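**Q** Can you read through this structure? Questions will come right after.
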Amino acid sequence: MSPAQAAVAAAPVPEAAPRPRPTLTWSRLPWGRLREAALAVAIPAVLVVVWHVLTTGRAYSLIPPPAEVWTALVDLAVGGINDDAFSATLLTHLGASLSRVYGGFALAVLFALPLGLLIGRVPLMRQLLDPTFQILRPVPVTAWLPLAMILFGLGPRSAYFLVFLGAFYPILVNTIFGVRSVEPRLFEAAAMLGCRGSAQFARVVLPAALPSIFTGLRLGLGFAWVVIVVGEMTGVQTGLGAIIMEARQLSRTEIVICGMIVIGVAGFLSDRIVMGIGRRLLAWSPSHG
């Protein structure tokens, strides 16, 4: 063995660098999640307390106290308390509203996504269609109510149309923004790899625009829940908007508030579903981790 080889053999072997320990963020700890949950319900709890203080014990208050609203909500869900026309009808009305919200939202996605991709990517389509949509977009959904009843008649079809309008423009505008925000270098890189023409829609445009598209989907679904009350003012007999309007005519304010609460919870859960799908499809995106 040469002196150089002996020196190499005698040299100490460097120890392997220790693996970094995974950092435990506050949100991963059990008490961290409890803290997040507590913060999430803090404002609603304070509002309920203020509501209780301002309304309980006031005989001529137009707003019922929280306990009365809770009793009405339980009766609306399972019955057995008031035994009136609203008792045990919640699932029927919620199912009708869910079908109209998701039906109108699905129609909006079906039309808004391809139109947004075309307007954002093809200059001719942008020059042809974008001015018309920009003129129609500021028109409120409530202004379409009489025309919807003329075109589609009284009933669910008018409700579907109004929900469709409420969801259509947020999806369209965000899809156009996402497509027009795609980096030009991505198209150059794709062309160098042999991806040209219409193939760039599926392999470049759509993946790069997905974060903005999912933002539009969340906004569109939120607006669909916002306009469901207007949509169900078209002569339908079932739906959360229908019972809110009926309860208003009967001065049943507690039922009106119950309908508002159910719409808010259903809209919140719908948004969580879209966010969960977005997190899975956009795991590669730093802004949607």
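Letters for chains follow the order of the structure tokens (A, B, ...), residue numbers begin at 1 for each chain, and ligand numbers begin at 1 in the order shown.
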Would you kindly return, as a VMD selection string, each protein, DNA or RNA residue with an atom no farther than 7 Å from any atom of Arg121 (chain A), considering only C-alpha atoms and excluding same-chain residues fewer than 4 positions away?

**A** chain A and resid 117 179 to 180

**Q** Mind dumping the selected residues with all heavy atoms as a PDB file, in the first residue's frame?

**A**
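Once written, result17.pdb looks like this:
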ATOM      1  N   LEU A 117     -61.901  30.544 -21.963  1.00  0.00           N
ATOM      2  CA  LEU A 117     -60.674  30.101 -22.621  1.00  0.00           C
ATOM      3  C   LEU A 117     -60.545  30.713 -24.011  1.00  0.00           C
ATOM      4  O   LEU A 117     -59.461  31.162 -24.408  1.00  0.00           O
ATOM      5  CB  LEU A 117     -60.660  28.573 -22.709  1.00  0.00           C
ATOM      6  CG  LEU A 117     -60.521  27.812 -21.385  1.00  0.00           C
ATOM      7  CD1 LEU A 117     -60.712  26.313 -21.607  1.00  0.00           C
ATOM      8  CD2 LEU A 117     -59.166  28.079 -20.740  1.00  0.00           C
ATOM      9  N   VAL A 179     -56.291  32.995 -18.197  1.00  0.00           N
ATOM     10  CA  VAL A 179     -55.709  32.678 -19.503  1.00  0.00           C
ATOM     11  C   VAL A 179     -54.791  33.807 -19.969  1.00  0.00           C
ATOM     12  O   VAL A 179     -53.686  33.562 -20.467  1.00  0.00           O
ATOM     13  CB  VAL A 179     -56.826  32.423 -20.533  1.00  0.00           C
ATOM     14  CG1 VAL A 179     -56.237  32.284 -21.936  1.00  0.00           C
ATOM     15  CG2 VAL A 179     -57.602  31.160 -20.167  1.00  0.00           C
ATOM     16  N   ARG A 180     -55.214  35.033 -19.791  1.00  0.00           N
ATOM     17  CA  ARG A 180     -54.405  36.171 -20.256  1.00  0.00           C
ATOM     18  C   ARG A 180     -53.176  36.414 -19.377  1.00  0.00           C
ATOM     19  O   ARG A 180     -52.270  37.145 -19.769  1.00  0.00           O
ATOM     20  CB  ARG A 180     -55.254  37.433 -20.305  1.00  0.00           C
ATOM     21  CG  ARG A 180     -56.443  37.322 -21.260  1.00  0.00           C
ATOM     22  CD  ARG A 180     -56.952  38.663 -21.689  1.00  0.00           C
ATOM     23  NE  ARG A 180     -55.976  39.357 -22.501  1.00  0.00           N
ATOM     24  CZ  ARG A 180     -56.127  40.603 -22.948  1.00  0.00           C
ATOM     25  NH1 ARG A 180     -57.226  41.274 -22.654  1.00  0.00           N
ATOM     26  NH2 ARG A 180     -55.195  41.176 -23.672  1.00  0.00           N
TER      27      ARG A 180
END

**Q** Near region 260-268 of chain A, counting only C-alpha atoms, which residues have an atom at most 10 Å away, once you skip same-chain residues fewer than 2 positions from it, shown as an MDAnalysis selection string?

**A** chainID A and resid 69 73 90 94 97:98 101 221:226 228:229 240:241 244 254:258 270:273

**Q** Please, which residues of region 88-249 of chain A, numbered as in this document, come out alpha helix (DSSP H) from DSSP, as a short mmCIF file (atom, residue, chain, number, x, y, z; two decimals) with C-alpha atoms, in the first residue's frame?

**A**
data_model
loop_
_atom_site.label_atom_id
_atom_site.label_comp_id
_atom_site.auth_asym_id
_atom_site.auth_seq_id
_atom_site.Cartn_x
_atom_site.Cartn_y
_atom_site.Cartn_z
CA LEU A 90 -86.33 21.56 6.00
CA LEU A 91 -84.94 18.60 4.05
CA THR A 92 -87.52 19.05 1.29
CA HIS A 93 -86.74 22.75 0.88
CA LEU A 94 -82.98 22.27 1.22
CA GLY A 95 -82.98 19.51 -1.41
CA ALA A 96 -84.92 21.71 -3.84
CA SER A 97 -82.53 24.63 -3.35
CA LEU A 98 -79.47 22.37 -3.66
CA SER A 99 -80.72 21.02 -7.00
CA ARG A 100 -81.26 24.55 -8.34
CA VAL A 101 -77.97 25.93 -7.04
CA TYR A 102 -75.85 23.08 -8.35
CA GLY A 103 -77.88 22.76 -11.55
CA GLY A 104 -77.50 26.45 -12.39
CA PHE A 105 -73.85 26.38 -11.31
CA ALA A 106 -73.14 23.36 -13.54
CA LEU A 107 -74.71 25.17 -16.51
CA ALA A 108 -72.60 28.24 -15.76
CA VAL A 109 -69.42 26.13 -15.68
CA LEU A 110 -70.41 24.41 -18.92
CA PHE A 111 -70.76 27.73 -20.77
CA ALA A 112 -68.34 30.06 -18.94
CA LEU A 113 -65.21 27.87 -19.01
CA PRO A 114 -64.95 27.32 -22.79
CA LEU A 115 -65.99 30.92 -23.49
CA GLY A 116 -63.40 32.21 -21.04
CA LEU A 117 -60.67 30.10 -22.62
CA LEU A 118 -61.59 31.31 -26.10
CA ILE A 119 -61.93 34.98 -25.16
CA GLY A 120 -58.70 34.93 -23.21
CA ARG A 121 -56.67 33.15 -25.88
CA PRO A 123 -58.06 37.81 -30.08
CA LEU A 124 -60.91 37.56 -32.60
CA MET A 125 -63.23 35.99 -30.01
CA ARG A 126 -62.21 38.62 -27.47
CA GLN A 127 -63.03 41.45 -29.88
CA LEU A 128 -66.31 39.79 -30.84
CA LEU A 129 -67.70 38.68 -27.46
CA ASP A 130 -66.01 40.60 -24.66
CA PRO A 131 -67.76 43.99 -25.23
CA THR A 132 -71.20 42.33 -25.11
CA PHE A 133 -70.44 40.49 -21.89
CA GLN A 134 -69.00 43.63 -20.31
CA ILE A 135 -72.24 45.48 -21.08
CA LEU A 136 -74.45 42.70 -19.68
CA LEU A 145 -86.43 38.46 -12.74
CA PRO A 146 -89.42 39.78 -14.77
CA LEU A 147 -87.79 38.83 -18.07
CA ALA A 148 -86.94 35.35 -16.77
CA MET A 149 -90.58 34.74 -15.84
CA ILE A 150 -91.66 35.90 -19.32
CA LEU A 151 -89.11 33.71 -21.10
CA PHE A 152 -89.29 30.59 -18.93
CA PRO A 156 -88.05 26.08 -11.47
CA ARG A 157 -86.74 26.91 -14.96
CA SER A 158 -86.67 30.62 -14.16
CA ALA A 159 -84.85 29.82 -10.90
CA TYR A 160 -82.23 27.79 -12.79
CA PHE A 161 -81.73 30.64 -15.24
CA LEU A 162 -81.23 33.26 -12.51
CA VAL A 163 -78.80 31.06 -10.59
CA PHE A 164 -76.96 30.44 -13.87
CA LEU A 165 -76.63 34.20 -14.39
CA GLY A 166 -75.35 34.71 -10.86
CA ALA A 167 -72.59 32.12 -11.29
CA PHE A 168 -71.73 32.76 -14.94
CA TYR A 169 -69.86 36.07 -14.85
CA PRO A 170 -67.47 35.36 -11.92
CA ILE A 171 -66.38 32.14 -13.63
CA LEU A 172 -66.05 33.85 -17.02
CA VAL A 173 -64.09 36.87 -15.80
CA ASN A 174 -61.65 34.83 -13.71
CA THR A 175 -61.11 32.32 -16.52
CA ILE A 176 -60.30 35.14 -18.95
CA PHE A 177 -57.94 36.69 -16.40
CA GLY A 178 -56.21 33.36 -15.79
CA VAL A 179 -55.71 32.68 -19.50
CA ARG A 180 -54.41 36.17 -20.26
CA PRO A 184 -45.50 33.89 -22.77
CA ARG A 185 -42.33 31.93 -21.97
CA LEU A 186 -44.49 28.89 -21.25
CA PHE A 187 -45.77 28.92 -24.83
CA GLU A 188 -42.21 29.28 -26.14
CA ALA A 189 -41.02 26.38 -24.00
CA ALA A 190 -43.96 24.23 -25.09
CA ALA A 191 -43.27 25.04 -28.76
CA MET A 192 -39.64 24.00 -28.31
CA ALA A 199 -52.53 21.23 -28.09
CA GLN A 200 -51.32 24.18 -26.01
CA LEU A 206 -55.53 25.15 -18.82
CA PRO A 207 -52.95 24.10 -16.16
CA ALA A 208 -51.54 27.64 -15.89
CA ALA A 209 -55.01 29.19 -15.62
CA LEU A 210 -56.38 26.66 -13.10
CA PRO A 211 -55.68 28.80 -9.98
CA SER A 212 -57.73 31.68 -11.39
CA ILE A 213 -60.39 29.28 -12.66
CA PHE A 214 -60.86 27.80 -9.19
CA THR A 215 -61.12 31.29 -7.74
CA GLY A 216 -63.89 31.93 -10.25
CA LEU A 217 -65.59 28.65 -9.33
CA ARG A 218 -65.61 29.61 -5.66
CA LEU A 219 -67.00 33.07 -6.42
CA GLY A 220 -69.55 31.66 -8.85
CA LEU A 221 -70.84 29.08 -6.38
CA GLY A 222 -71.03 31.75 -3.70
CA PHE A 223 -73.08 34.02 -5.97
CA ALA A 224 -75.32 31.06 -6.84
CA TRP A 225 -76.26 30.79 -3.16
CA VAL A 226 -76.68 34.57 -2.96
CA ILE A 228 -81.17 31.51 -4.81
CA VAL A 229 -83.71 33.57 -2.85
CA VAL A 230 -84.31 35.75 -5.91
CA GLY A 231 -84.46 32.67 -8.11
CA LEU A 240 -85.22 27.90 1.06
CA GLY A 241 -86.01 31.10 -0.80
CA ALA A 242 -89.65 30.05 -1.09
CA ILE A 243 -90.07 29.52 2.65
CA ILE A 244 -88.26 32.80 3.39
CA MET A 245 -90.71 34.68 1.17
CA GLU A 246 -93.71 32.82 2.61
CA ALA A 247 -92.55 33.42 6.18
CA ARG A 248 -92.05 37.11 5.41
CA GLN A 249 -95.65 37.39 4.25
#

**Q** So the first atom is CA of Ser181 (chain A) and the second is CA of Pro138 (chain A); what is the distance between them in Å, to one decimal place?

**A**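 CA of Pro138 (chain A) lies at a distance of 23.3 Å from CA of Ser181 (chain A).
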
**Q** Just give me the gap between CA of Val122 (chain A) and CA of Arg137 (chain A) in Å, one decimal is fine.

**A**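 Straight-line distance from CA of Val122 (chain A) to CA of Arg137 (chain A) works out to 20.5 Å.
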
**Q** Could you tell me how far CA of Val182 (chain A) sits from CA of Val205 (chain A), in Å to one decimal place?

**A**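 Pair CA of Val205 (chain A) / CA of Val182 (chain A) returns 6.8 Å.
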